[in-house]
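Trainee: What follows is data.cif, made up of mmCIF, N, CA and C atoms:
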```cif
data_input
loop_
_atom_site.label_atom_id
_atom_site.label_comp_id
_atom_site.auth_asym_id
_atom_site.auth_seq_id
_atom_site.Cartn_x
_atom_site.Cartn_y
_atom_site.Cartn_z
N MET T 290 -69.55 -49.88 -31.73
CA MET T 290 -68.57 -50.34 -32.69
C MET T 290 -68.39 -49.30 -33.80
N GLY T 291 -69.48 -48.72 -34.27
CA GLY T 291 -69.40 -47.73 -35.33
C GLY T 291 -68.75 -46.44 -34.87
N LYS T 292 -68.94 -46.10 -33.61
CA LYS T 292 -68.36 -44.87 -33.07
C LYS T 292 -66.85 -44.99 -32.97
N SER T 293 -66.34 -46.17 -32.60
CA SER T 293 -64.91 -46.39 -32.50
C SER T 293 -64.24 -46.32 -33.87
N ALA T 294 -64.88 -46.87 -34.87
CA ALA T 294 -64.32 -46.85 -36.23
C ALA T 294 -64.30 -45.42 -36.76
N THR T 295 -65.34 -44.65 -36.44
CA THR T 295 -65.38 -43.26 -36.89
C THR T 295 -64.27 -42.44 -36.22
N THR T 296 -64.05 -42.68 -34.94
CA THR T 296 -62.99 -41.97 -34.22
C THR T 296 -61.62 -42.32 -34.80
N LYS T 297 -61.43 -43.60 -35.13
CA LYS T 297 -60.16 -44.04 -35.71
C LYS T 297 -59.96 -43.41 -37.09
N ASP T 298 -61.01 -43.34 -37.89
CA ASP T 298 -60.92 -42.71 -39.20
C ASP T 298 -60.64 -41.22 -39.09
N ASP T 299 -61.27 -40.57 -38.10
CA ASP T 299 -61.02 -39.14 -37.88
C ASP T 299 -59.58 -38.89 -37.46
N ALA T 300 -59.06 -39.74 -36.60
CA ALA T 300 -57.68 -39.59 -36.15
C ALA T 300 -56.71 -39.80 -37.32
N GLN T 301 -56.98 -40.80 -38.16
CA GLN T 301 -56.12 -41.03 -39.32
C GLN T 301 -56.18 -39.87 -40.29
N ALA T 302 -57.36 -39.31 -40.49
CA ALA T 302 -57.51 -38.16 -41.39
C ALA T 302 -56.77 -36.94 -40.82
N LEU T 303 -56.84 -36.78 -39.50
CA LEU T 303 -56.13 -35.67 -38.87
C LEU T 303 -54.62 -35.82 -39.04
N PHE T 304 -54.09 -37.02 -38.77
CA PHE T 304 -52.66 -37.23 -38.93
C PHE T 304 -52.23 -37.08 -40.39
N GLN T 305 -53.05 -37.52 -41.31
CA GLN T 305 -52.73 -37.39 -42.73
C GLN T 305 -52.69 -35.91 -43.14
N SER T 306 -53.64 -35.13 -42.66
CA SER T 306 -53.65 -33.70 -43.00
C SER T 306 -52.48 -32.98 -42.36
N LEU T 307 -52.13 -33.34 -41.12
CA LEU T 307 -50.97 -32.74 -40.48
C LEU T 307 -49.68 -33.10 -41.21
N ARG T 308 -49.56 -34.35 -41.64
CA ARG T 308 -48.37 -34.78 -42.36
C ARG T 308 -48.24 -34.05 -43.69
N SER T 309 -49.34 -33.89 -44.40
CA SER T 309 -49.28 -33.20 -45.70
C SER T 309 -48.99 -31.72 -45.51
N ALA T 310 -49.53 -31.12 -44.45
CA ALA T 310 -49.25 -29.70 -44.20
C ALA T 310 -47.81 -29.51 -43.77
N TYR T 311 -47.27 -30.42 -42.96
CA TYR T 311 -45.89 -30.29 -42.49
C TYR T 311 -44.89 -30.57 -43.59
N SER T 312 -45.26 -31.35 -44.58
CA SER T 312 -44.34 -31.62 -45.68
C SER T 312 -44.09 -30.36 -46.51
N ALA T 313 -45.00 -29.41 -46.45
CA ALA T 313 -44.82 -28.14 -47.17
C ALA T 313 -44.02 -27.13 -46.36
N THR T 314 -43.65 -27.48 -45.13
CA THR T 314 -42.88 -26.56 -44.28
C THR T 314 -41.45 -26.46 -44.80
N PRO T 315 -40.88 -25.25 -44.84
CA PRO T 315 -39.50 -25.10 -45.31
C PRO T 315 -38.50 -25.86 -44.43
N THR T 316 -37.37 -26.20 -45.01
CA THR T 316 -36.37 -27.01 -44.32
C THR T 316 -35.80 -26.31 -43.10
N ASN T 317 -35.59 -24.99 -43.19
CA ASN T 317 -35.01 -24.30 -42.04
C ASN T 317 -35.94 -24.34 -40.83
N LEU T 318 -37.24 -24.32 -41.05
CA LEU T 318 -38.18 -24.43 -39.94
C LEU T 318 -38.20 -25.85 -39.38
N LYS T 319 -38.02 -26.84 -40.24
CA LYS T 319 -37.97 -28.23 -39.76
C LYS T 319 -36.73 -28.46 -38.90
N ILE T 320 -35.62 -27.82 -39.26
CA ILE T 320 -34.40 -27.94 -38.46
C ILE T 320 -34.61 -27.30 -37.09
N ILE T 321 -35.26 -26.16 -37.05
CA ILE T 321 -35.55 -25.52 -35.76
C ILE T 321 -36.50 -26.39 -34.94
N ASP T 322 -37.49 -27.00 -35.59
CA ASP T 322 -38.40 -27.91 -34.89
C ASP T 322 -37.64 -29.09 -34.28
N LEU T 323 -36.70 -29.63 -35.02
CA LEU T 323 -35.90 -30.74 -34.52
C LEU T 323 -35.06 -30.31 -33.32
N TYR T 324 -34.53 -29.11 -33.35
CA TYR T 324 -33.76 -28.57 -32.24
C TYR T 324 -34.64 -28.40 -30.99
N VAL T 325 -35.87 -27.94 -31.18
CA VAL T 325 -36.80 -27.79 -30.06
C VAL T 325 -37.13 -29.15 -29.45
N VAL T 326 -37.39 -30.13 -30.30
CA VAL T 326 -37.68 -31.48 -29.81
C VAL T 326 -36.48 -32.03 -29.04
N PHE T 327 -35.28 -31.81 -29.54
CA PHE T 327 -34.07 -32.27 -28.86
C PHE T 327 -33.94 -31.61 -27.49
N ALA T 328 -34.17 -30.31 -27.40
CA ALA T 328 -34.04 -29.60 -26.13
C ALA T 328 -35.07 -30.09 -25.11
N VAL T 329 -36.31 -30.28 -25.55
CA VAL T 329 -37.35 -30.77 -24.64
C VAL T 329 -37.06 -32.21 -24.22
N PHE T 330 -36.59 -33.04 -25.15
CA PHE T 330 -36.26 -34.43 -24.83
C PHE T 330 -35.12 -34.49 -23.83
N THR T 331 -34.13 -33.61 -23.97
CA THR T 331 -33.02 -33.56 -23.02
C THR T 331 -33.52 -33.15 -21.63
N ALA T 332 -34.44 -32.21 -21.57
CA ALA T 332 -35.02 -31.82 -20.27
C ALA T 332 -35.78 -32.99 -19.65
N LEU T 333 -36.51 -33.73 -20.45
CA LEU T 333 -37.25 -34.89 -19.92
C LEU T 333 -36.30 -35.96 -19.40
N ILE T 334 -35.20 -36.18 -20.10
CA ILE T 334 -34.21 -37.15 -19.64
C ILE T 334 -33.65 -36.73 -18.28
N GLN T 335 -33.40 -35.44 -18.11
CA GLN T 335 -32.88 -34.95 -16.84
C GLN T 335 -33.89 -35.12 -15.71
N VAL T 336 -35.16 -34.89 -16.00
CA VAL T 336 -36.20 -35.07 -14.99
C VAL T 336 -36.33 -36.54 -14.60
N VAL T 337 -36.29 -37.43 -15.58
CA VAL T 337 -36.36 -38.86 -15.29
C VAL T 337 -35.14 -39.30 -14.49
N TYR T 338 -33.97 -38.82 -14.86
CA TYR T 338 -32.76 -39.15 -14.11
C TYR T 338 -32.86 -38.68 -12.67
N MET T 339 -33.38 -37.46 -12.48
CA MET T 339 -33.55 -36.93 -11.12
C MET T 339 -34.54 -37.77 -10.33
N ALA T 340 -35.60 -38.24 -10.98
CA ALA T 340 -36.59 -39.06 -10.28
C ALA T 340 -36.02 -40.41 -9.89
N ILE T 341 -35.13 -40.96 -10.69
CA ILE T 341 -34.56 -42.27 -10.40
C ILE T 341 -33.42 -42.17 -9.39
N VAL T 342 -32.47 -41.27 -9.63
CA VAL T 342 -31.25 -41.20 -8.84
C VAL T 342 -31.41 -40.31 -7.61
N GLY T 343 -32.12 -39.22 -7.76
CA GLY T 343 -32.25 -38.26 -6.67
C GLY T 343 -31.77 -36.90 -7.11
N SER T 344 -32.03 -35.92 -6.28
CA SER T 344 -31.71 -34.54 -6.67
C SER T 344 -30.78 -33.89 -5.66
N PHE T 345 -29.67 -34.58 -5.34
CA PHE T 345 -28.78 -34.02 -4.33
C PHE T 345 -28.27 -32.63 -4.70
N PRO T 346 -27.58 -32.45 -5.84
CA PRO T 346 -27.25 -31.05 -6.18
C PRO T 346 -28.44 -30.43 -6.93
N PHE T 347 -29.44 -29.98 -6.16
CA PHE T 347 -30.70 -29.53 -6.76
C PHE T 347 -30.50 -28.33 -7.67
N ASN T 348 -29.57 -27.44 -7.32
CA ASN T 348 -29.33 -26.29 -8.20
C ASN T 348 -28.77 -26.73 -9.55
N SER T 349 -28.02 -27.81 -9.57
CA SER T 349 -27.52 -28.33 -10.85
C SER T 349 -28.65 -28.90 -11.69
N PHE T 350 -29.56 -29.61 -11.03
CA PHE T 350 -30.74 -30.13 -11.74
C PHE T 350 -31.57 -28.99 -12.31
N LEU T 351 -31.84 -27.98 -11.48
CA LEU T 351 -32.63 -26.84 -11.97
C LEU T 351 -31.92 -26.11 -13.10
N SER T 352 -30.62 -25.96 -12.99
CA SER T 352 -29.87 -25.29 -14.06
C SER T 352 -29.96 -26.05 -15.37
N GLY T 353 -29.82 -27.35 -15.31
CA GLY T 353 -29.89 -28.16 -16.52
C GLY T 353 -31.26 -28.12 -17.17
N VAL T 354 -32.30 -28.28 -16.36
CA VAL T 354 -33.66 -28.28 -16.92
C VAL T 354 -34.04 -26.90 -17.44
N LEU T 355 -33.72 -25.86 -16.67
CA LEU T 355 -34.06 -24.51 -17.13
C LEU T 355 -33.25 -24.12 -18.37
N SER T 356 -32.05 -24.62 -18.48
CA SER T 356 -31.26 -24.37 -19.69
C SER T 356 -31.94 -24.98 -20.91
N CYS T 357 -32.40 -26.22 -20.77
CA CYS T 357 -33.07 -26.90 -21.89
C CYS T 357 -34.39 -26.23 -22.23
N VAL T 358 -35.18 -25.94 -21.22
CA VAL T 358 -36.49 -25.33 -21.46
C VAL T 358 -36.32 -23.92 -22.02
N GLY T 359 -35.39 -23.15 -21.47
CA GLY T 359 -35.15 -21.80 -21.97
C GLY T 359 -34.66 -21.80 -23.40
N THR T 360 -33.78 -22.73 -23.73
CA THR T 360 -33.30 -22.85 -25.11
C THR T 360 -34.43 -23.22 -26.06
N ALA T 361 -35.32 -24.11 -25.61
CA ALA T 361 -36.46 -24.49 -26.45
C ALA T 361 -37.39 -23.30 -26.68
N VAL T 362 -37.63 -22.52 -25.64
CA VAL T 362 -38.50 -21.35 -25.78
C VAL T 362 -37.88 -20.34 -26.73
N LEU T 363 -36.59 -20.11 -26.61
CA LEU T 363 -35.92 -19.17 -27.51
C LEU T 363 -35.93 -19.69 -28.95
N ALA T 364 -35.82 -20.99 -29.13
CA ALA T 364 -35.87 -21.57 -30.48
C ALA T 364 -37.27 -21.42 -31.08
N VAL T 365 -38.29 -21.56 -30.25
CA VAL T 365 -39.66 -21.35 -30.75
C VAL T 365 -39.84 -19.89 -31.17
N CYS T 366 -39.28 -18.98 -30.39
CA CYS T 366 -39.34 -17.56 -30.77
C CYS T 366 -38.61 -17.32 -32.09
N LEU T 367 -37.46 -17.97 -32.26
CA LEU T 367 -36.74 -17.86 -33.53
C LEU T 367 -37.58 -18.41 -34.67
N ARG T 368 -38.25 -19.53 -34.46
CA ARG T 368 -39.09 -20.12 -35.51
C ARG T 368 -40.21 -19.17 -35.90
N ILE T 369 -40.81 -18.53 -34.92
CA ILE T 369 -41.90 -17.59 -35.20
C ILE T 369 -41.38 -16.42 -36.02
N GLN T 370 -40.20 -15.92 -35.68
CA GLN T 370 -39.66 -14.75 -36.39
C GLN T 370 -39.17 -15.09 -37.79
N VAL T 371 -38.67 -16.31 -38.00
CA VAL T 371 -38.10 -16.68 -39.30
C VAL T 371 -39.17 -17.15 -40.28
N ASN T 372 -40.32 -17.56 -39.77
CA ASN T 372 -41.38 -18.09 -40.62
C ASN T 372 -41.86 -17.02 -41.61
N LYS T 373 -41.81 -17.35 -42.88
CA LYS T 373 -42.20 -16.40 -43.93
C LYS T 373 -43.70 -16.13 -43.94
N GLU T 374 -44.50 -17.09 -43.47
CA GLU T 374 -45.95 -16.91 -43.47
C GLU T 374 -46.44 -16.01 -42.35
N ASN T 375 -45.58 -15.72 -41.39
CA ASN T 375 -45.95 -14.85 -40.27
C ASN T 375 -45.79 -13.40 -40.71
N LYS T 376 -46.90 -12.71 -40.86
CA LYS T 376 -46.88 -11.34 -41.37
C LYS T 376 -46.43 -10.33 -40.32
N GLU T 377 -46.44 -10.73 -39.06
CA GLU T 377 -46.08 -9.81 -37.99
C GLU T 377 -44.59 -9.44 -38.02
N PHE T 378 -43.75 -10.36 -38.48
CA PHE T 378 -42.31 -10.13 -38.52
C PHE T 378 -41.79 -10.07 -39.96
N LYS T 379 -42.60 -9.59 -40.89
CA LYS T 379 -42.18 -9.61 -42.29
C LYS T 379 -41.02 -8.66 -42.57
N ASP T 380 -40.88 -7.59 -41.78
CA ASP T 380 -39.78 -6.63 -42.00
C ASP T 380 -38.50 -7.03 -41.28
N LEU T 381 -38.55 -8.07 -40.46
CA LEU T 381 -37.38 -8.50 -39.70
C LEU T 381 -36.56 -9.48 -40.53
N PRO T 382 -35.30 -9.14 -40.84
CA PRO T 382 -34.48 -10.08 -41.61
C PRO T 382 -34.13 -11.31 -40.76
N PRO T 383 -33.99 -12.47 -41.39
CA PRO T 383 -33.66 -13.69 -40.64
C PRO T 383 -32.33 -13.60 -39.90
N GLU T 384 -31.39 -12.83 -40.44
CA GLU T 384 -30.10 -12.69 -39.77
C GLU T 384 -30.26 -11.97 -38.44
N ARG T 385 -31.13 -10.99 -38.40
CA ARG T 385 -31.39 -10.26 -37.15
C ARG T 385 -32.07 -11.17 -36.14
N ALA T 386 -33.01 -11.98 -36.59
CA ALA T 386 -33.69 -12.91 -35.70
C ALA T 386 -32.69 -13.92 -35.13
N PHE T 387 -31.78 -14.41 -35.96
CA PHE T 387 -30.78 -15.36 -35.48
C PHE T 387 -29.81 -14.68 -34.51
N ALA T 388 -29.43 -13.44 -34.78
CA ALA T 388 -28.56 -12.71 -33.86
C ALA T 388 -29.25 -12.51 -32.51
N ASP T 389 -30.54 -12.20 -32.52
CA ASP T 389 -31.30 -12.09 -31.26
C ASP T 389 -31.30 -13.42 -30.52
N PHE T 390 -31.49 -14.51 -31.26
CA PHE T 390 -31.50 -15.84 -30.66
C PHE T 390 -30.16 -16.15 -29.99
N VAL T 391 -29.07 -15.86 -30.68
CA VAL T 391 -27.74 -16.13 -30.13
C VAL T 391 -27.47 -15.27 -28.90
N LEU T 392 -27.82 -13.99 -28.97
CA LEU T 392 -27.59 -13.09 -27.85
C LEU T 392 -28.42 -13.51 -26.63
N CYS T 393 -29.68 -13.84 -26.84
CA CYS T 393 -30.53 -14.26 -25.73
C CYS T 393 -30.05 -15.59 -25.15
N ASN T 394 -29.56 -16.49 -25.98
CA ASN T 394 -29.00 -17.74 -25.47
C ASN T 394 -27.75 -17.48 -24.64
N LEU T 395 -26.95 -16.54 -25.08
CA LEU T 395 -25.75 -16.18 -24.32
C LEU T 395 -26.13 -15.66 -22.94
N VAL T 396 -27.09 -14.75 -22.89
CA VAL T 396 -27.55 -14.20 -21.61
C VAL T 396 -28.16 -15.31 -20.74
N LEU T 397 -28.98 -16.16 -21.33
CA LEU T 397 -29.59 -17.25 -20.60
C LEU T 397 -28.53 -18.15 -19.96
N HIS T 398 -27.54 -18.52 -20.73
CA HIS T 398 -26.54 -19.44 -20.19
C HIS T 398 -25.57 -18.76 -19.23
N LEU T 399 -25.38 -17.46 -19.35
CA LEU T 399 -24.60 -16.74 -18.33
C LEU T 399 -25.34 -16.74 -17.00
N VAL T 400 -26.65 -16.52 -17.05
CA VAL T 400 -27.46 -16.56 -15.83
C VAL T 400 -27.43 -17.96 -15.23
N ILE T 401 -27.53 -18.98 -16.06
CA ILE T 401 -27.54 -20.35 -15.56
C ILE T 401 -26.18 -20.71 -14.97
N MET T 402 -25.10 -20.28 -15.58
CA MET T 402 -23.76 -20.53 -15.00
C MET T 402 -23.60 -19.81 -13.67
N ASN T 403 -24.19 -18.62 -13.55
CA ASN T 403 -24.15 -17.89 -12.29
C ASN T 403 -24.97 -18.63 -11.23
N PHE T 404 -26.08 -19.22 -11.62
CA PHE T 404 -26.94 -19.96 -10.69
C PHE T 404 -26.25 -21.21 -10.17
N LEU T 405 -25.40 -21.81 -11.02
CA LEU T 405 -24.67 -23.00 -10.59
C LEU T 405 -23.72 -22.68 -9.44
N GLY T 406 -23.20 -21.47 -9.43
CA GLY T 406 -22.32 -21.07 -8.33
C GLY T 406 -20.94 -21.10 -8.77
#
```
Can the structure in the file be given as structure tokens, please?
Mentor:
Amino acid sequence: MGKSATTKDDAQALFQSLRSAYSATPTNLKIIDLYVVFAVFTALIQVVYMAIVGSFPFNSFLSGVLSCVGTAVLAVCLRIQVNKENKEFKDLPPERAFADFVLCNLVLHLVIMNFLG
């Protein structure tokens, strides 16, 4: 009984510390986080739909999921580059990081459109 209460208290303390640390995160990083969550959630919806309905046009399913996952990965890369606390990219202006993000998304979606046929 005591071990379960301790685990519950530890979990609550962990969530409280994560919440307080995330509240100090800048708004632009929170927006990017929301975009990543949206992209991953869209990929999960597509996988669930494929599991329920079937995967007849399989290349369309793969294109949709890879588009969502690729966009999420590129958004995470953008978040890493834009984060002010990351000393590795301190000389990189945010405009350049966003331009890289847009260009890589363009290439990604051109490849995905080509894969669709």
Trainee: Got a sec to resolve the PyMOL selection byres (((chain T and resi 354 and name CA) around 9) and name CA) on this structure and send the residues as a VMD selection string?
Mentor: chain T and resid 329 331 to 333 335 to 336 349 to 353 355 to 359
Trainee: Let me see the file: selected residues, N, CA and C atoms, as a PDB file, keeping the file's coordinate frame.
Mentor:
```pdb
ATOM      1  N   VAL T 329     -36.310 -30.280 -25.550  1.00  0.00           N
ATOM      2  CA  VAL T 329     -37.350 -30.770 -24.640  1.00  0.00           C
ATOM      3  C   VAL T 329     -37.060 -32.210 -24.220  1.00  0.00           C
ATOM      4  N   THR T 331     -34.130 -33.610 -23.970  1.00  0.00           N
ATOM      5  CA  THR T 331     -33.020 -33.560 -23.020  1.00  0.00           C
ATOM      6  C   THR T 331     -33.520 -33.150 -21.630  1.00  0.00           C
ATOM      7  N   ALA T 332     -34.440 -32.210 -21.570  1.00  0.00           N
ATOM      8  CA  ALA T 332     -35.020 -31.820 -20.270  1.00  0.00           C
ATOM      9  C   ALA T 332     -35.780 -32.990 -19.650  1.00  0.00           C
ATOM     10  N   LEU T 333     -36.510 -33.730 -20.450  1.00  0.00           N
ATOM     11  CA  LEU T 333     -37.250 -34.890 -19.920  1.00  0.00           C
ATOM     12  C   LEU T 333     -36.300 -35.960 -19.400  1.00  0.00           C
ATOM     13  N   GLN T 335     -33.400 -35.440 -18.110  1.00  0.00           N
ATOM     14  CA  GLN T 335     -32.880 -34.950 -16.840  1.00  0.00           C
ATOM     15  C   GLN T 335     -33.890 -35.120 -15.710  1.00  0.00           C
ATOM     16  N   VAL T 336     -35.160 -34.890 -16.000  1.00  0.00           N
ATOM     17  CA  VAL T 336     -36.200 -35.070 -14.990  1.00  0.00           C
ATOM     18  C   VAL T 336     -36.330 -36.540 -14.600  1.00  0.00           C
ATOM     19  N   SER T 349     -28.020 -27.810  -9.570  1.00  0.00           N
ATOM     20  CA  SER T 349     -27.520 -28.330 -10.850  1.00  0.00           C
ATOM     21  C   SER T 349     -28.650 -28.900 -11.690  1.00  0.00           C
ATOM     22  N   PHE T 350     -29.560 -29.610 -11.030  1.00  0.00           N
ATOM     23  CA  PHE T 350     -30.740 -30.130 -11.740  1.00  0.00           C
ATOM     24  C   PHE T 350     -31.570 -28.990 -12.310  1.00  0.00           C
ATOM     25  N   LEU T 351     -31.840 -27.980 -11.480  1.00  0.00           N
ATOM     26  CA  LEU T 351     -32.630 -26.840 -11.970  1.00  0.00           C
ATOM     27  C   LEU T 351     -31.920 -26.110 -13.100  1.00  0.00           C
ATOM     28  N   SER T 352     -30.620 -25.960 -12.990  1.00  0.00           N
ATOM     29  CA  SER T 352     -29.870 -25.290 -14.060  1.00  0.00           C
ATOM     30  C   SER T 352     -29.960 -26.050 -15.370  1.00  0.00           C
ATOM     31  N   GLY T 353     -29.820 -27.350 -15.310  1.00  0.00           N
ATOM     32  CA  GLY T 353     -29.890 -28.160 -16.520  1.00  0.00           C
ATOM     33  C   GLY T 353     -31.260 -28.120 -17.170  1.00  0.00           C
ATOM     34  N   LEU T 355     -33.720 -25.860 -16.670  1.00  0.00           N
ATOM     35  CA  LEU T 355     -34.060 -24.510 -17.130  1.00  0.00           C
ATOM     36  C   LEU T 355     -33.250 -24.120 -18.370  1.00  0.00           C
ATOM     37  N   SER T 356     -32.050 -24.620 -18.480  1.00  0.00           N
ATOM     38  CA  SER T 356     -31.260 -24.370 -19.690  1.00  0.00           C
ATOM     39  C   SER T 356     -31.940 -24.980 -20.910  1.00  0.00           C
ATOM     40  N   CYS T 357     -32.400 -26.220 -20.770  1.00  0.00           N
ATOM     41  CA  CYS T 357     -33.070 -26.900 -21.890  1.00  0.00           C
ATOM     42  C   CYS T 357     -34.390 -26.230 -22.230  1.00  0.00           C
ATOM     43  N   VAL T 358     -35.180 -25.940 -21.220  1.00  0.00           N
ATOM     44  CA  VAL T 358     -36.490 -25.330 -21.460  1.00  0.00           C
ATOM     45  C   VAL T 358     -36.320 -23.920 -22.020  1.00  0.00           C
ATOM     46  N   GLY T 359     -35.390 -23.150 -21.470  1.00  0.00           N
ATOM     47  CA  GLY T 359     -35.150 -21.800 -21.970  1.00  0.00           C
ATOM     48  C   GLY T 359     -34.660 -21.800 -23.400  1.00  0.00           C
TER      49      GLY T 359
END
```
Trainee: To one decimal in Å, tell me the separation between atom CA of Asn375 of chain T and atom N of Leu303 of chain T.
Mentor: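 Between these atoms lies a distance of 24.5 Å.
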Trainee: Calculate how many Å separate atom CA of Val365 of chain T from atom CA of Phe387 of chain T, rounding to one decimal.
Mentor: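 Taking atom CA of Val365 of chain T as the start and atom CA of Phe387 of chain T as the end point, the length is 11.7 Å.
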Trainee: Show which residues sit within 8 Å of Tyr324 of chain T, as a ChimeraX atom specification. Count all atoms listed in the file, and ignore same-chain residues fewer than 6 positions away.
Mentor: /T:318,330,360-361,364-365
Trainee: Counting only C-alpha atoms, figure out which residue out of T:Val362, T:Leu367, T:Val325, T:Leu381 gets nearest to Leu397 of chain T.
Mentor: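 Closest to Leu397 of chain T of all the choices is T:Val362.
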Trainee: Which is closest to His398 of chain T among T:Val342, T:Leu323, T:Leu363, T:Thr295, if we use only C-alpha atoms?
Mentor: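 The closest residue to His398 of chain T is T:Leu363.
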Trainee: One decimal, Å: what's the distance from atom N of Pro315 of chain T over to atom C of Glu374 of chain T, could you say?
Mentor: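 Those two atoms sit 11.1 Å apart.
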Trainee: Taking all atoms listed in the file into account, which of T:Ala302, T:Ile334, T:Ala386, T:Ile401 comes nearest Arg368 of chain T?
Mentor: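 Residue with the minimum atom-to-atom distance to Arg368 of chain T: T:Ala386.
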Trainee: Calculated over only N, CA and C atoms, which of the candidates T:Asn348, T:Gln301, T:Asn403, T:Pro383 has the smallest distance to Gln370 of chain T?
Mentor: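 The closest residue to Gln370 of chain T is T:Pro383.
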Trainee: Using only C-alpha atoms, pick whichever of T:Ile321, T:Leu405, T:Ala340, T:Lys297 has the shortest atom-to-atom distance to Cys366 of chain T.
Mentor: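 Between T:Ile321, T:Leu405, T:Ala340, T:Lys297, the residue approaching Cys366 of chain T most closely is T:Ile321.
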Trainee: How would you write, as an MDAnalysis selection string, the set of residues in segment 312-391 of chain T that DSSP gives as alpha helix (DSSP H)?
Mentor: chainID T and resid 312 316:342 347:371 383:391
